[in-house]
Amino acid sequence: MKIRNVFLLLFLILSVPALFAAASKIPEISPSLNQEELINLTGKPVIKAIIPFESKLILVGWNGEIFRWNPDEKMIDLRLSPERPVQADCFSQGKYLILKAQAPDNNPGTPTSYMIYDLSSMKKIAELKKRTIHHIIGLNQSLICYVPNDEKMQPVIVNYLTGETVKTVPTDEKESVFNGQWQGNSLYVLSTKSLHIIDMNPANPAIQSIQLKDTAASGFLLDGNYIYYGSSTRELVHFSVKSHKNKWKFLLGDNLKVEPTKIGKYIIIVAKDNNIYFFNKNGTLYWWDKLDSSLQYAPLPMKDFVAVVLWDKRIKFLDYKHKKSQNFPLERLAVTNPVCINHYIYIVSQEDKEEGAEDPYTTYRRLAKIGNYYGVEVSNEPQGLIPVGKSVLFSLNPVNLIDPDYEIKIFTKPAEPESKPELVLDKKLSKKDKPTFIWIPKTEAEHNLQILIKSKSHSNVLIEKTLTPVDIDRMIMRQLLDIQGRCGEYNF
């Protein structure tokens, strides 16, 4: 018996801290998600991308207007007036944004100009004129690498400050060129047959071309000294940049739909079979899941989840650590890529275009924020009406908050707009207190309840609620008098 008790005591000692640790973590995606609409963008359609930069969002209008949304302040804190209308082409990388000006005759083949902005200063720093660009690969403070829209389609490096063509990347004619990724001052560019490493030195860019063992058919992911890409033979290829050899290959059911990405120690791919796969870096399949709809945008890694936007108006959140998923239905179709800032998903969605509508941009369109709700549910006893002159017990139920402290204030709303509200209740509750308080309303005036919450998981969460007390005795008397008056009308 004594030995059994010792083992039981040891089990409790080891288990209790783990239980407390588990209880002290709030998942970034809880079963009940909240969607909040932030900006009315009806009539102001943005280009097909939201650009995250320094915990803020950059949005661009077709008229060339650029504005910055501050999620913390919930406001547009900087706006650039439109310089000229722009086309749908929008490229951003690091702190740089490139917009393509509309050609005078709206002819896609006409040489046009590209306006380059520095997002840190929110200013235009250069304009690359009279160029026909098929797609942009990458750029730094003075150089841009892009595929020209000509017969050869060989990537070129241009000094956009002077307009001078510096160097051409050696690819075969008509060879497909995919995406580019940075590592230090080197731009890695993948083409069908080779991996090109470009030292983007403004004075003399050096180019090293490494021949691939397997023909590339998708964009790539750069991870240290290795790249991951999809081959033309439906394989996920792990290629070593140092040894110029494949480390491993994995045969897939279909070709890749988008370039690979990663979260933690796992490589994420989505194939054209509409399945999402999580691979270990040693080449073993860790987990896969069906998307049950066509992929609309590339998977978005969060902290502990991967978010996937689907064409059936749904975001699928994949909890890869526990190998399970959760769906969130969207009210409207997403029209921009999703962006993750501080555990929230930001996306622009709009109603379907009404049949016969001349202007599709007059349809309902909003910037929305999707994520956990952090706050408190407030209930009162007695339920329903709040009686004047009687005690009302309020109970607070925190939602997704750890060890909250409450600062509770109730103000009487003034009858005149110029008057100041009167503070009628001021109370503080710590995490050690029972989350309840009592208030005795004195008048039927409308009141404003404010609860400022500070917790281990979130600080300075403000909850506001309108309270309208009722003088029940006077209300009953009014009803009795009204009944008596009606009875008097029919007194025979």
# chains A, B, ... in the order shown; residues from 1 in each chain; ligands from 1

$ select_by_dssp --residues "region 215-388 of chain A" --states "strand (DSSP E or B)" --output "ChimeraX atom specification"
/A:216-223,226-231,235-240,246-251,256,261-263,266-271,275-280,285-290,295,300-301,306-310,314-319,324-329,333-334,339-341,344-350,365-372,375-381,387

$ closest_residue --among "A:Val158, A:Ile269, A:Leu195, A:Leu187" --to "Pro170 (chain A)" --atoms "only C-alpha atoms"
A:Leu195

$ atom_distance --atom1 "CA of Tyr96 (chain A)" --atom2 "CA of Trp62 (chain A)"
18.4 Å

$ residues_around --residues "Ser240 (chain A)" --least-positions-apart "3" --cutoff "9 Å" --atoms "only C-alpha atoms" --output "short mmCIF file (atom, residue, chain, number, x, y, z; two decimals) with N, CA and C atoms, in the first residue's frame"
data_model
loop_
_atom_site.label_atom_id
_atom_site.label_comp_id
_atom_site.auth_asym_id
_atom_site.auth_seq_id
_atom_site.Cartn_x
_atom_site.Cartn_y
_atom_site.Cartn_z
N ASN A 225 20.29 25.58 -47.51
CA ASN A 225 21.07 25.11 -48.65
C ASN A 225 20.30 24.10 -49.51
N TYR A 226 18.97 24.10 -49.36
CA TYR A 226 18.15 23.16 -50.13
C TYR A 226 16.98 23.88 -50.77
N ILE A 227 16.48 23.30 -51.86
CA ILE A 227 15.24 23.80 -52.45
C ILE A 227 14.27 22.63 -52.59
N SER A 243 25.71 20.30 -53.07
CA SER A 243 26.21 19.10 -53.77
C SER A 243 25.67 18.98 -55.19
N HIS A 244 24.67 19.79 -55.55
CA HIS A 244 24.03 19.76 -56.87
C HIS A 244 23.38 18.40 -57.13
N LYS A 245 22.90 17.76 -56.06
CA LYS A 245 22.26 16.45 -56.18
C LYS A 245 20.91 16.45 -55.46
N ASN A 246 20.06 15.51 -55.88
CA ASN A 246 18.79 15.32 -55.19
C ASN A 246 19.03 14.62 -53.86
N LYS A 247 18.41 15.11 -52.81
CA LYS A 247 18.49 14.42 -51.52
C LYS A 247 17.44 13.32 -51.45
#

$ residues_around --residues "region 304-320 of chain A" --least-positions-apart "6" --cutoff "9 Å" --atoms "only C-alpha atoms" --output "PyMOL selection string"
chain A and resi 27-29+263-264+278+287-289+291-298+326-334+337-338+345

$ write_last_selection --atoms "N, CA and C atoms" --output "JSON list (two decimals), in the first residue's frame"
[["chain", "number", "residue", "atom", "x", "y", "z"],
["A", 27, "PRO", "N", -5.59, 28.44, -27.84],
["A", 27, "PRO", "CA", -5.27, 28.20, -29.25],
["A", 27, "PRO", "C", -5.57, 29.43, -30.09],
["A", 28, "GLU", "N", -4.75, 29.66, -31.13],
["A", 28, "GLU", "CA", -4.97, 30.85, -31.96],
["A", 28, "GLU", "C", -6.25, 30.71, -32.79],
["A", 29, "ILE", "N", -6.70, 29.48, -33.01],
["A", 29, "ILE", "CA", -7.96, 29.23, -33.70],
["A", 29, "ILE", "C", -8.81, 28.36, -32.80],
["A", 263, "ILE", "N", 5.95, 25.25, -42.62],
["A", 263, "ILE", "CA", 5.56, 25.71, -41.29],
["A", 263, "ILE", "C", 6.33, 24.83, -40.30],
["A", 264, "GLY", "N", 7.09, 25.46, -39.43],
["A", 264, "GLY", "CA", 7.90, 24.70, -38.49],
["A", 264, "GLY", "C", 8.89, 23.81, -39.23],
["A", 278, "PHE", "N", 1.69, 17.35, -45.81],
["A", 278, "PHE", "CA", 2.73, 17.83, -44.90],
["A", 278, "PHE", "C", 3.86, 16.79, -44.88],
["A", 287, "TRP", "N", 1.46, 13.94, -42.79],
["A", 287, "TRP", "CA", -0.01, 14.01, -42.73],
["A", 287, "TRP", "C", -0.53, 14.58, -44.03],
["A", 288, "TRP", "N", -1.74, 14.20, -44.40],
["A", 288, "TRP", "CA", -2.40, 14.82, -45.54],
["A", 288, "TRP", "C", -3.89, 14.93, -45.23],
["A", 289, "ASP", "N", -4.56, 15.83, -45.94],
["A", 289, "ASP", "CA", -5.99, 16.04, -45.71],
["A", 289, "ASP", "C", -6.63, 16.48, -47.02],
["A", 291, "LEU", "N", -9.08, 18.75, -49.27],
["A", 291, "LEU", "CA", -9.61, 20.12, -49.22],
["A", 291, "LEU", "C", -11.08, 20.16, -49.62],
["A", 292, "ASP", "N", -11.55, 19.16, -50.38],
["A", 292, "ASP", "CA", -12.96, 19.04, -50.77],
["A", 292, "ASP", "C", -13.45, 20.22, -51.61],
["A", 293, "SER", "N", -12.54, 21.03, -52.10],
["A", 293, "SER", "CA", -12.89, 22.14, -53.00],
["A", 293, "SER", "C", -11.60, 22.62, -53.63],
["A", 294, "SER", "N", -11.72, 23.40, -54.68],
["A", 294, "SER", "CA", -10.54, 23.88, -55.38],
["A", 294, "SER", "C", -9.86, 24.99, -54.59],
["A", 295, "LEU", "N", -8.53, 24.96, -54.60],
["A", 295, "LEU", "CA", -7.72, 25.96, -53.90],
["A", 295, "LEU", "C", -7.85, 27.31, -54.59],
["A", 296, "GLN", "N", -8.09, 28.38, -53.81],
["A", 296, "GLN", "CA", -8.21, 29.71, -54.38],
["A", 296, "GLN", "C", -6.90, 30.50, -54.25],
["A", 297, "TYR", "N", -6.23, 30.39, -53.10],
["A", 297, "TYR", "CA", -4.96, 31.06, -52.87],
["A", 297, "TYR", "C", -4.00, 30.08, -52.21],
["A", 298, "ALA", "N", -2.70, 30.38, -52.27],
["A", 298, "ALA", "CA", -1.69, 29.51, -51.68],
["A", 298, "ALA", "C", -1.91, 29.36, -50.18],
["A", 326, "GLN", "N", -10.53, 22.33, -39.28],
["A", 326, "GLN", "CA", -11.73, 23.05, -38.88],
["A", 326, "GLN", "C", -12.12, 24.01, -40.00],
["A", 327, "ASN", "N", -13.39, 24.05, -40.34],
["A", 327, "ASN", "CA", -13.87, 24.90, -41.44],
["A", 327, "ASN", "C", -14.53, 26.17, -40.91],
["A", 328, "PHE", "N", -14.32, 27.26, -41.63],
["A", 328, "PHE", "CA", -14.98, 28.53, -41.31],
["A", 328, "PHE", "C", -15.67, 29.03, -42.57],
["A", 329, "PRO", "N", -17.02, 29.11, -42.58],
["A", 329, "PRO", "CA", -17.72, 29.56, -43.79],
["A", 329, "PRO", "C", -17.62, 31.08, -43.97],
["A", 330, "LEU", "N", -17.29, 31.51, -45.18],
["A", 330, "LEU", "CA", -17.26, 32.93, -45.51],
["A", 330, "LEU", "C", -18.61, 33.36, -46.03],
["A", 331, "GLU", "N", -19.04, 34.55, -45.66],
["A", 331, "GLU", "CA", -20.33, 35.06, -46.12],
["A", 331, "GLU", "C", -20.28, 35.43, -47.60],
["A", 332, "ARG", "N", -19.10, 35.85, -48.06],
["A", 332, "ARG", "CA", -18.94, 36.27, -49.45],
["A", 332, "ARG", "C", -17.65, 35.68, -50.02],
["A", 333, "LEU", "N", -17.51, 35.74, -51.32],
["A", 333, "LEU", "CA", -16.34, 35.20, -51.99],
["A", 333, "LEU", "C", -15.12, 36.07, -51.72],
["A", 334, "ALA", "N", -13.99, 35.44, -51.40],
["A", 334, "ALA", "CA", -12.74, 36.16, -51.20],
["A", 334, "ALA", "C", -12.23, 36.66, -52.54],
["A", 337, "ASN", "N", -5.84, 37.68, -51.59],
["A", 337, "ASN", "CA", -5.12, 36.69, -50.81],
["A", 337, "ASN", "C", -5.33, 36.94, -49.31],
["A", 338, "PRO", "N", -5.27, 35.90, -48.49],
["A", 338, "PRO", "CA", -5.35, 36.11, -47.04],
["A", 338, "PRO", "C", -3.99, 36.54, -46.49],
["A", 345, "ILE", "N", -6.64, 36.55, -39.44],
["A", 345, "ILE", "CA", -6.63, 36.49, -40.90],
["A", 345, "ILE", "C", -7.35, 37.74, -41.42]]

$ residues_around --residues "Glu422 (chain A)" --least-positions-apart "2" --cutoff "10 Å" --atoms "only C-alpha atoms" --output "PyMOL selection string"
chain A and resi 410-414+419-420+424-425+447

$ write_last_selection --atoms "C-alpha atoms" --output "PDB file, in the first residue's frame"
ATOM      1  CA  ILE A 410     -20.826  52.358 -15.581  1.00  0.00           C
ATOM      2  CA  PHE A 411     -21.666  55.821 -16.907  1.00  0.00           C
ATOM      3  CA  THR A 412     -25.042  57.529 -17.168  1.00  0.00           C
ATOM      4  CA  LYS A 413     -25.453  58.786 -20.709  1.00  0.00           C
ATOM      5  CA  PRO A 414     -26.181  62.546 -20.615  1.00  0.00           C
ATOM      6  CA  SER A 419     -22.794  67.305 -21.008  1.00  0.00           C
ATOM      7  CA  LYS A 420     -20.286  64.881 -19.519  1.00  0.00           C
ATOM      8  CA  VAL A 424     -22.136  55.777 -11.225  1.00  0.00           C
ATOM      9  CA  LEU A 425     -20.048  52.615 -10.676  1.00  0.00           C
ATOM     10  CA  HIS A 447     -26.189  53.723 -19.201  1.00  0.00           C
TER      11      HIS A 447
END

$ residues_around --residues "Gly375 (chain A)" --least-positions-apart "4" --cutoff "8 Å" --atoms "only C-alpha atoms" --output "compact mmCIF listing (two decimals) with N, CA and C atoms, in the first residue's frame"
# COMPACT_ATOMS: atom_id res chain seq x y z
N PRO A 398 -15.22 35.00 -18.95
CA PRO A 398 -14.16 35.33 -19.92
C PRO A 398 -14.11 34.33 -21.07
N VAL A 399 -13.80 34.84 -22.27
CA VAL A 399 -13.69 34.01 -23.47
C VAL A 399 -12.28 34.16 -24.04
N ASN A 400 -11.53 33.06 -24.07
CA ASN A 400 -10.16 33.03 -24.61
C ASN A 400 -9.22 34.00 -23.89
N LEU A 401 -9.41 34.16 -22.60
CA LEU A 401 -8.53 35.01 -21.78
C LEU A 401 -8.00 34.20 -20.61
N ILE A 453 -10.18 44.86 -19.74
CA ILE A 453 -9.65 43.58 -19.30
C ILE A 453 -8.16 43.50 -19.58
N VAL A 461 -8.21 44.79 -23.44
CA VAL A 461 -9.41 44.43 -24.20
C VAL A 461 -10.57 45.21 -23.61
N LEU A 462 -11.21 46.02 -24.43
CA LEU A 462 -12.31 46.87 -23.96
C LEU A 462 -13.64 46.33 -24.48
N ILE A 463 -14.55 46.06 -23.53
CA ILE A 463 -15.89 45.60 -23.86
C ILE A 463 -16.88 46.68 -23.44

$ closest_residue --among "A:Tyr346, A:Tyr286, A:Phe91, A:Trp69" --to "Gln35 (chain A)" --atoms "only C-alpha atoms"
A:Tyr346

$ atom_distance --atom1 "CA of Val388 (chain A)" --atom2 "CA of Pro469 (chain A)"
5.7 Å

$ closest_residue --among "A:Ser379, A:Ser325, A:Thr42, A:Asn70" --to "Val392 (chain A)" --atoms "only C-alpha atoms"
A:Ser379

$ closest_residue --among "A:Thr165, A:Asn140, A:Ser176, A:Asn255" --to "Asp273 (chain A)" --atoms "only C-alpha atoms"
A:Asn255

$ atom_distance --atom1 "CA of Glu65 (chain A)" --atom2 "CA of Trp182 (chain A)"
28.4 Å

$ residues_around --residues "Leu80 (chain A)" --least-positions-apart "4" --cutoff "10 Å" --atoms "only C-alpha atoms" --output "PyMOL selection string"
chain A and resi 60+64-68+122-124
